[in-house]
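**Q** This is the structure I have questions about; it appears just below.
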Amino acid sequence: MLLHLTQTHQQLQETAREFADKILIPSADRCDRAEEYPAENVAKLAELGFLGILIPEQFGGAGLDNVALSLALEEINRGCASTGVTLSVHNSLLSNPLLNFGTPEQHERYLPKLASGEWLGAYAITEPDYGSDAASIETSCRREGDEYILNGTKAWITNGSHAGVIITFATLDPSLGPKGVCAFVIESTFPGFQVGKKEKKLGIRGSDTVQLVFDEMRVPAANLLGEEGEGFKIAMHTLDGGRIGIATQAVGIAQACLDATVAFAGTKTQFGRPLPASQLVAHRVADMATEIEAARLLVMRAAMLKDAGLPHGKEASMAKLYASELANRCARTAVEIHGGAALGRGAPVERLLRDAKITEIYEGTSEIQRLVISRHCFPRDKK
Ligand code: CAA
């Protein structure tokens, strides 16, 4: 518990915690096995106002901050990581950049529907051939009158087939590198927009992950986000916030691993004594608990810096790097302490082990986080 949490923060955390315990934990396994988008969970989260956490009250949102979002996301991800990533992408990768870079007209059109959950949001930058090297994307855009025409394929897009509104990125000219990238707010009803293949995944199997195909897609010029050529910076700035969301997801998964391990070990005896009396088990649990607290503090520090309007890219990358690698360590420990009981399908820790892996990959791999952090340690000369 962080001492300075406001009453609003505490209430939100309590609501999310109760929702995770009563609704998400009992249904997470079913969602994973069926590989089914958790539509009911998302609808209930919309009713609770969790789809508009960052959106100002004038647009129907809760008008809260990134600390609030992190508190909610940790609990939701503790319950069900498929639901958690759906919520994280909607808030951090769609609502947040719209708020930061959108025009008053874009705010009026999109924020109320995002806050109410009428429209789900997605963020589409990755392509089949370009993931980590985001500045090299090939999806093209050209201006024709008062429209832009987009052509290309986006891959691994979370919420892609359920989203009503998506922020996507395209280049005016690949030879311009990052300076050629433009950001657009697109709607799934725009002519030329198609949902492509659904991905079959290792973990977070209930979340919606698809390709998106833009075939001469016509986008009103008014839907450019920021200025021409500013898209790459918008993408990176947005990911600074999104990475706090994924770090939070990792903390939630790690906490779920600890909870499952404590519940399991507390009921077992081995070699004639309770399992927690074994130092081998007790020390591993103590390490998990300590490192989870450290990861939580890294997440909160990044969220607080963001809320204060201060630079937070390095801190977001540190939080994501540490928390995602920790979630994987905790999941392995949980499986090892469960032993044979973890190997059968239907054991929660088996799902947690699969769910943890993606946190080291999406919104920038651990290698990309190390690159970002190291660039802050060794600032590059500006030419
Ligand atoms: N904020 C604002 N501007 C930034 C920035 C930031 N955080 N980071 C970089 N920039 C600016 C730089 O200042 C530079 O501008 P100038 O030339 O004017 O100085 C410009 O952007 C280019 O920056 P770099 O030279 O650093 O670019 P790079 O090509 O070396 O790439 C990178 C940097 C860190 C490797 C970047 O490509 C990256 O983060 N890659 C990973 C992509 C990623 O995370 N993808 C996730 C997909 S979304 C997802 O996964 C969602 C989901 O499903 C859940």
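How things are named: the first chain in the structure tokens is A, the next is B, and so on; residues count from 1 in each chain; ligands count from 1 in the order shown.
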Counting only C-alpha atoms and all ligand atoms, which residues in chain A sit no more than 8 Å from ligand 1? For each one, give the nearest pair of atoms and the distance in Å, sorted by chain then residue number, as a Markdown table.

**A**
| residue | atom | partner | partner_atom_place_in_ligand_line | distance |
| --- | --- | --- | --- | --- |
| A:Val85 | CA | ligand 1 | 54 (C) | 6.5 |
| A:Ser88 | CA | ligand 1 | 54 (C) | 7.7 |
| A:Val89 | CA | ligand 1 | 54 (C) | 5.9 |
| A:Leu93 | CA | ligand 1 | 51 (C) | 7.5 |
| A:Tyr123 | CA | ligand 1 | 51 (C) | 6.4 |
| A:Ala124 | CA | ligand 1 | 48 (S) | 6.7 |
| A:Ile125 | CA | ligand 1 | 47 (C) | 5.9 |
| A:Thr126 | CA | ligand 1 | 47 (C) | 5.4 |
| A:Gly131 | CA | ligand 1 | 45 (N) | 5.7 |
| A:Ser132 | CA | ligand 1 | 41 (C) | 4.0 |
| A:Asp133 | CA | ligand 1 | 37 (O) | 4.7 |
| A:Ala134 | CA | ligand 1 | 37 (O) | 4.3 |
| A:Ala135 | CA | ligand 1 | 29 (O) | 5.0 |
| A:Ser136 | CA | ligand 1 | 29 (O) | 7.6 |
| A:Trp156 | CA | ligand 1 | 53 (O) | 6.1 |
| A:Ile157 | CA | ligand 1 | 53 (O) | 5.3 |
| A:Thr158 | CA | ligand 1 | 53 (O) | 4.6 |
| A:Gly177 | CA | ligand 1 | 29 (O) | 7.7 |
| A:Pro178 | CA | ligand 1 | 22 (C) | 5.6 |
| A:Lys179 | CA | ligand 1 | 17 (O) | 7.3 |
| A:Thr209 | CA | ligand 1 | 53 (O) | 7.7 |
| A:Phe232 | CA | ligand 1 | 21 (O) | 5.9 |
| A:Lys233 | CA | ligand 1 | 3 (N) | 4.0 |
| A:Ile234 | CA | ligand 1 | 2 (C) | 6.4 |
| A:Ala235 | CA | ligand 1 | 1 (N) | 7.6 |
| A:Met236 | CA | ligand 1 | 6 (C) | 4.3 |
| A:His237 | CA | ligand 1 | 1 (N) | 3.8 |
| A:Thr238 | CA | ligand 1 | 1 (N) | 7.6 |
| A:Leu239 | CA | ligand 1 | 44 (O) | 6.4 |
| A:Asp240 | CA | ligand 1 | 7 (N) | 5.7 |
| A:Gly242 | CA | ligand 1 | 51 (C) | 7.8 |
| A:Ile246 | CA | ligand 1 | 54 (C) | 7.6 |
| A:Gly313 | CA | ligand 1 | 7 (N) | 5.5 |
| A:Ile361 | CA | ligand 1 | 50 (O) | 7.5 |
| A:Tyr362 | CA | ligand 1 | 50 (O) | 3.9 |
| A:Glu363 | CA | ligand 1 | 46 (C) | 3.5 |
| A:Gly364 | CA | ligand 1 | 44 (O) | 3.2 |
| A:Thr365 | CA | ligand 1 | 44 (O) | 6.9 |
| A:Ile368 | CA | ligand 1 | 35 (C) | 5.9 |
| A:Gln369 | CA | ligand 1 | 34 (C) | 7.6 |
| A:Leu371 | CA | ligand 1 | 34 (C) | 6.7 |
| A:Val372 | CA | ligand 1 | 34 (C) | 5.5 |
| A:Lys382 | CA | ligand 1 | 19 (O) | 7.2 |

**Q** Quick one: DSSP strand (DSSP E) residues in segment 94-301 of chain A, as a ChimeraX atom specification?

**A** /A:120-124,140-144,147-158,163-171,181-187,193-198,209-220,224-225,269-270,273-274

**Q** Residues at most 7 Å from segment 294-301 of chain A, counting only C-alpha atoms, excluding those fewer than 2 positions away in the same chain, as a PyMOL selection string?

**A** chain A and resi 67+244+247-248+251+290-292+303-305+319+322-323

**Q** Go ahead and save the picked residues with C-alpha atoms, as an mmCIF file, in the first residue's frame.

**A**
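Written file, again33.cif:
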data_model
loop_
_atom_site.group_PDB
_atom_site.id
_atom_site.type_symbol
_atom_site.label_atom_id
_atom_site.label_comp_id
_atom_site.auth_asym_id
_atom_site.auth_seq_id
_atom_site.Cartn_x
_atom_site.Cartn_y
_atom_site.Cartn_z
ATOM 1 C CA VAL A 67 -1.821 6.366 -10.747
ATOM 2 C CA ILE A 244 3.511 1.674 -17.686
ATOM 3 C CA ALA A 247 4.441 -3.102 -16.458
ATOM 4 C CA THR A 248 1.286 -2.935 -14.359
ATOM 5 C CA VAL A 251 2.816 -6.832 -11.568
ATOM 6 C CA THR A 290 9.796 -8.454 -2.091
ATOM 7 C CA GLU A 291 10.430 -8.143 -5.804
ATOM 8 C CA ILE A 292 6.734 -7.610 -6.563
ATOM 9 C CA ALA A 303 2.848 6.865 -13.325
ATOM 10 C CA MET A 304 3.435 9.745 -10.908
ATOM 11 C CA LEU A 305 6.038 11.331 -13.188
ATOM 12 C CA ALA A 319 9.268 -0.509 -14.830
ATOM 13 C CA TYR A 322 11.844 -5.214 -14.378
ATOM 14 C CA ALA A 323 8.167 -6.112 -13.919
#

**Q** Applying 6 Å and only C-alpha atoms, which residues near Ala115 of chain A remain after dropping the ones on its own chain fewer than 3 positions away? List them as a list of chain:residue names.

**A**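 Neighbouring residues, sequence-local ones excluded: A:Leu51, A:Gly52, A:Gly60, A:Gly61, A:Leu111, A:Pro112.
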
**Q** Which polymer residues have any atom within 7 Å of an atom of Ser70 of chain A, counting only C-alpha atoms, with same-chain residues fewer than 4 positions away left out, as a VMD selection string?

**A** chain A and resid 66 74 245 248

**Q** Residues near segment 345-348 of chain A, anyone? I mean within 10 Å using only C-alpha atoms, not counting same-chain ones fewer than 6 positions away, as a list in words.

**A**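 Listing them by chain and then by number gives Ile25, Ala28, Asp29, Arg30, Asp32, Arg33, Ala256, Cys257, Ala260, Ala334, Val335 and His338 of chain A.
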
**Q** Kindly export the residues of the current selection with C-alpha atoms, as a PDB file, in the first residue's frame.

**A**
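Contents of the output file out.pdb:
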ATOM      1  CA  ILE A  25     -10.676 -14.989 -11.311  1.00  0.00           C
ATOM      2  CA  ALA A  28     -10.247 -16.360 -16.497  1.00  0.00           C
ATOM      3  CA  ASP A  29      -9.594 -20.002 -17.194  1.00  0.00           C
ATOM      4  CA  ARG A  30     -12.734 -20.367 -19.320  1.00  0.00           C
ATOM      5  CA  ASP A  32      -8.328 -18.682 -21.943  1.00  0.00           C
ATOM      6  CA  ARG A  33      -9.479 -22.177 -22.948  1.00  0.00           C
ATOM      7  CA  ALA A 256      -1.500 -13.747  -9.015  1.00  0.00           C
ATOM      8  CA  CYS A 257       1.443 -16.188  -9.077  1.00  0.00           C
ATOM      9  CA  ALA A 260      -1.671 -19.027  -6.034  1.00  0.00           C
ATOM     10  CA  ALA A 334       4.883 -20.820  -8.932  1.00  0.00           C
ATOM     11  CA  VAL A 335       4.926 -23.734 -11.370  1.00  0.00           C
ATOM     12  CA  HIS A 338       3.155 -26.526  -7.466  1.00  0.00           C
TER      13      HIS A 338
END

**Q** Could you list, as a PyMOL selection string, every residue within 9 Å of Leu353 of chain A, counting only C-alpha atoms and ignoring same-chain residues fewer than 2 positions away?

**A** chain A and resi 203+253+257+327-328+330-332+334-335+348-351+355-357

**Q** Using only C-alpha atoms, pick whichever of A:Lys198, A:His9, A:His376, A:His312 has the shortest atom-to-atom distance to Arg243 of chain A.

**A**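 Among the listed residues, the smallest separation from Arg243 of chain A belongs to A:His312.
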
**Q** Using DSSP on the backbone coordinates, identify the residues of segment 1-112 of chain A assigned to helix (DSSP H, G or I); present them as a count of residues only.

**A** 87
